[in-house]
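One structure below.
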Amino acid sequence: MSSVRILVGTRKGAFVITADGSRRAWTIDGPHFAGWEIYHLKGSPADPGRVYASQSSSWFGQVVHRSDDGGATWETVGNQFAYDGETGTHQWYDGTPHPWEFARVWHFEPSLDDPTTVYAGVEDAALFRSTDGGASWSELAGLRTHGTGSSWQPGAGGMCLHSIVLDPSDPERMFVAISAAGVFRSDDGGTTWRPANRGLSSQFMPEPGAEVGHCVHHIAQHPDRPGTLFMQKHWDVMRSDDAGDTWHEVSGNLPSDFGFPIAVHAHEPETVYVVPIESDAVHYPPEGKLRVYRSRTGGNEWEALTAGLPQSDCYVNVLRDAMDVDRLDPCGVYFGTTGGQVYGSADGGDTWTAIAEHLPAVLSVEAQVLP
Amino acid sequence: MPVTTVRVVLPTHLRTLAGLDRGEVRLAVEGPVTQRSVLDALEARYPALAGTVRDRATDRRRPFVRFFACQEDLSHEPPDAPLPEPVCAGTEPFIVLGAIAGG
């Protein structure tokens with residue numbers, strides 16, 4: 001029987017949560033890297049035992065760990081993220097120029113077919129690649145230097161590159177998303193980039209439909225339909241059917257279209273999940289009810305999924321990288337909260353169970369299916 | 001070039017990262033004993049600590065890290081200034097301290 005491994009990054013360490021394919025009984029292993037912020041962990045699709053972990057702290061900076069046994073043991077690898085050439089400036093919160101400064105790795109995206117190649121999205125926003133299992137890192141500087149970088153601004157969490165989507169049908173195509181700049185696409189393996197934000201509208205900007213400056217919170221893609229992208233923006237849930245060339249809103253009947261994560265069902269490319277949050281002012285669910293919303297129509301028509309989730313007095317948040325699906329059938333869906341709960345559904349979201357209840361605030365959740 | 005044995009005290013998280021079971025390490029430092037030469041020796045012996053005390057890009061002390069020895073705050077001393085004689089003699093440790101802050 002297959003098994004499932006959930007990699008959980010938290011404010012105070014990493015946890016590896018496992019179950020067999022029935023996904024009824026879960027075992028929690030951890031904390032790994034106790035006391036450190038673990039922004040993200042992700043396993044290689046080509047070698048699920050290889051897992052990359054981003055460990056950081058305001059005191060001691062960035063550390064990168066790699067495991068070759070599914071998170072049982074770890075070794076430190078390279079943590080030198082040097083921007084390529086002159087870094088120039090981006091905009092600071094007050095609109096003044098601010099030099100690019102490396103702060104941390106927000107997201108690792110291992111190559112789809114090579115366990116030694118992994119991409120890192122960092123703050124201040126840039127994309128790095130390692131082809132030696134994380135020992136050394138080189139910036140794909142064409143993103144930062146393509147021409148709009150000087151107008152990028154940080155969101156509240158910093159100016160982070162948080163989403164990396166690799167196109168399974170075209171090894172040269174990739175997408176990244178940056179807060180607050182927007183989505184960018186490369187069609188040549190990351191050498192050159194262009195903004196892919198047409199159709200986005202952000203009312204906080206002087207020009208709401210500007211080419212860049214949008215606070216994109218997360219993007220997701222179904223591997224069988226790589227031209228379709230879904231986006232949870234600061235406000236608005238969006239969809240593109242032309243690989244990011246144009247976007248249109250699919251917020252529909254959501255109780256709020258503010259939120260952070262977005263995920264696509266493993267087997268149904270038109271089934272999408274979001275977790276509405278009341279507003280950017282309060283960062284907790286509407287009415288104190290923790291509800292995942294599912295659309296089976298690719299957006300616009302959404303249903304609340306509540307079975308097993310707290311429906312009163314719940315004031316947690318679900319962060320952008322803290323939701324994922326597994327590839328079993330039925331599809332499993334998982335998300336973690338800033339209250340330290342990790343919820344899982346083994347039936348595509350119909351019912352939910354807390355698979356961990358008292359962890360530190362959850363920053364990231366990634367699911368792996370093991371043979 | 002003379003080699004000096006220097007005692008260095010590390011904060012808990014860096015001990016764990018370096019795989020140490022105690023807070024103090026003894027390092028062989030070549031040449032003049034300074035912040036830079038001690039930290040170079042520390043990173044050479046424990047590569048996992050590279051970038052954790054000094055910023056990778058600037059080589060400067062991280063803002064939430066301080067250096068002490070002989071009841072003196074050496075955090076703002078030049079990195080190539082000689083450390084106090086008792087540190088060079090091994091009778092006093094060079095202390096790397098993480099700021100007591102945060103939740």
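If you're wondering about the labels, chains in the structure tokens are A, B, ... by order shown, residues count from 1 in each chain, ligands from 1 in order shown.
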Find the residues of chain A in contact range of chain B, meaning any atom within 12 Å when counting only C-alpha atoms, and list them as an mmCIF file with C-alpha atoms, in the first residue's frame.
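iface.cif written:
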data_model
loop_
_atom_site.group_PDB
_atom_site.id
_atom_site.type_symbol
_atom_site.label_atom_id
_atom_site.label_comp_id
_atom_site.auth_asym_id
_atom_site.auth_seq_id
_atom_site.Cartn_x
_atom_site.Cartn_y
_atom_site.Cartn_z
ATOM 1 C CA ARG A 11 7.950 28.941 13.289
ATOM 2 C CA LYS A 12 9.874 26.657 15.618
ATOM 3 C CA GLY A 13 10.990 23.670 13.620
ATOM 4 C CA HIS A 32 13.644 18.885 13.451
ATOM 5 C CA PHE A 33 15.757 22.060 13.707
ATOM 6 C CA ALA A 34 14.036 22.898 16.992
ATOM 7 C CA GLY A 35 13.576 26.583 17.623
ATOM 8 C CA TRP A 36 14.325 27.742 14.064
ATOM 9 C CA GLU A 37 11.889 29.069 11.522
ATOM 10 C CA GLN A 55 15.976 27.049 7.993
ATOM 11 C CA SER A 56 16.332 30.676 8.939
ATOM 12 C CA SER A 57 16.405 33.025 11.872
ATOM 13 C CA SER A 58 16.759 36.716 12.438
ATOM 14 C CA TRP A 59 19.767 35.922 14.621
ATOM 15 C CA PHE A 60 21.770 33.495 12.532
ATOM 16 C CA GLY A 61 20.572 33.933 8.959
ATOM 17 C CA GLN A 62 19.890 31.292 6.355
ATOM 18 C CA VAL A 63 20.810 27.636 6.615
ATOM 19 C CA VAL A 64 19.883 25.039 3.999
ATOM 20 C CA HIS A 65 19.457 21.391 4.877
ATOM 21 C CA TRP A 74 19.771 15.931 7.558
ATOM 22 C CA GLU A 75 22.993 17.564 6.445
ATOM 23 C CA THR A 76 23.726 21.232 5.896
ATOM 24 C CA VAL A 77 24.436 22.264 2.318
ATOM 25 C CA GLY A 78 25.217 25.596 0.716
ATOM 26 C CA ASN A 79 23.791 28.832 2.070
ATOM 27 C CA GLN A 80 25.566 31.375 -0.101
ATOM 28 C CA PHE A 81 22.965 33.229 -2.144
ATOM 29 C CA ALA A 82 24.956 35.947 -3.884
ATOM 30 C CA TYR A 83 23.095 38.172 -6.298
ATOM 31 C CA ASP A 84 24.688 38.260 -9.722
ATOM 32 C CA THR A 87 22.034 44.556 -7.400
ATOM 33 C CA TRP A 100 18.561 44.429 -2.754
ATOM 34 C CA GLU A 101 19.528 42.428 0.364
ATOM 35 C CA PHE A 102 19.267 38.686 0.791
ATOM 36 C CA ALA A 103 17.154 37.724 3.798
ATOM 37 C CA ARG A 104 15.931 34.137 3.467
ATOM 38 C CA ALA A 135 25.824 22.683 -2.384
ATOM 39 C CA PRO A 360 4.033 25.991 16.375
ATOM 40 C CA ALA A 361 2.508 28.306 13.772
#
Close residues, B:Gln71 itself excluded, 12 Å, only C-alpha atoms, min 6 positions apart in chain, as a short mmCIF file (atom, residue, chain, number, x, y, z; two decimals) with C-alpha atoms, in the first residue's frame:
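After the write, out-v1.cif holds the following:
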data_model
loop_
_atom_site.label_atom_id
_atom_site.label_comp_id
_atom_site.auth_asym_id
_atom_site.auth_seq_id
_atom_site.Cartn_x
_atom_site.Cartn_y
_atom_site.Cartn_z
CA PRO B 84 42.44 40.72 24.77
CA PRO B 86 43.61 36.47 28.25
CA VAL B 87 41.75 35.24 25.14
CA GLU B 92 39.29 33.56 28.99
CA PRO B 93 36.87 32.54 26.21
CA PHE B 94 35.71 34.60 23.25
CA ILE B 95 31.94 34.60 23.64
#
*asked:* Quick check for you: according to DSSP on this backbone, which residues of stretch 1-101 of chain B are classed as strand (DSSP E or B)? Reply as a PyMOL selection string.
replied: chain B and resi 3-9+24-30+34+54+61+65-69+72-73+82+94-98
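Proximity to A:Glu249 was assessed for A:Ser279, A:Ser312, A:Thr228, A:Asn300 counting only C-alpha atoms; the smallest distance is recorded for A:Asn300.
Distance-wise, atom CA of B:Gly23 and atom CA of A:Pro31 end up 21.4 Å apart.
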*Please identify all polymer residues within 10 Å of A:Asp241, counting only C-alpha atoms, omitting same-chain residues fewer than 3 positions from it, and present them as a ChimeraX atom specification.*
/A:225-230,244-248
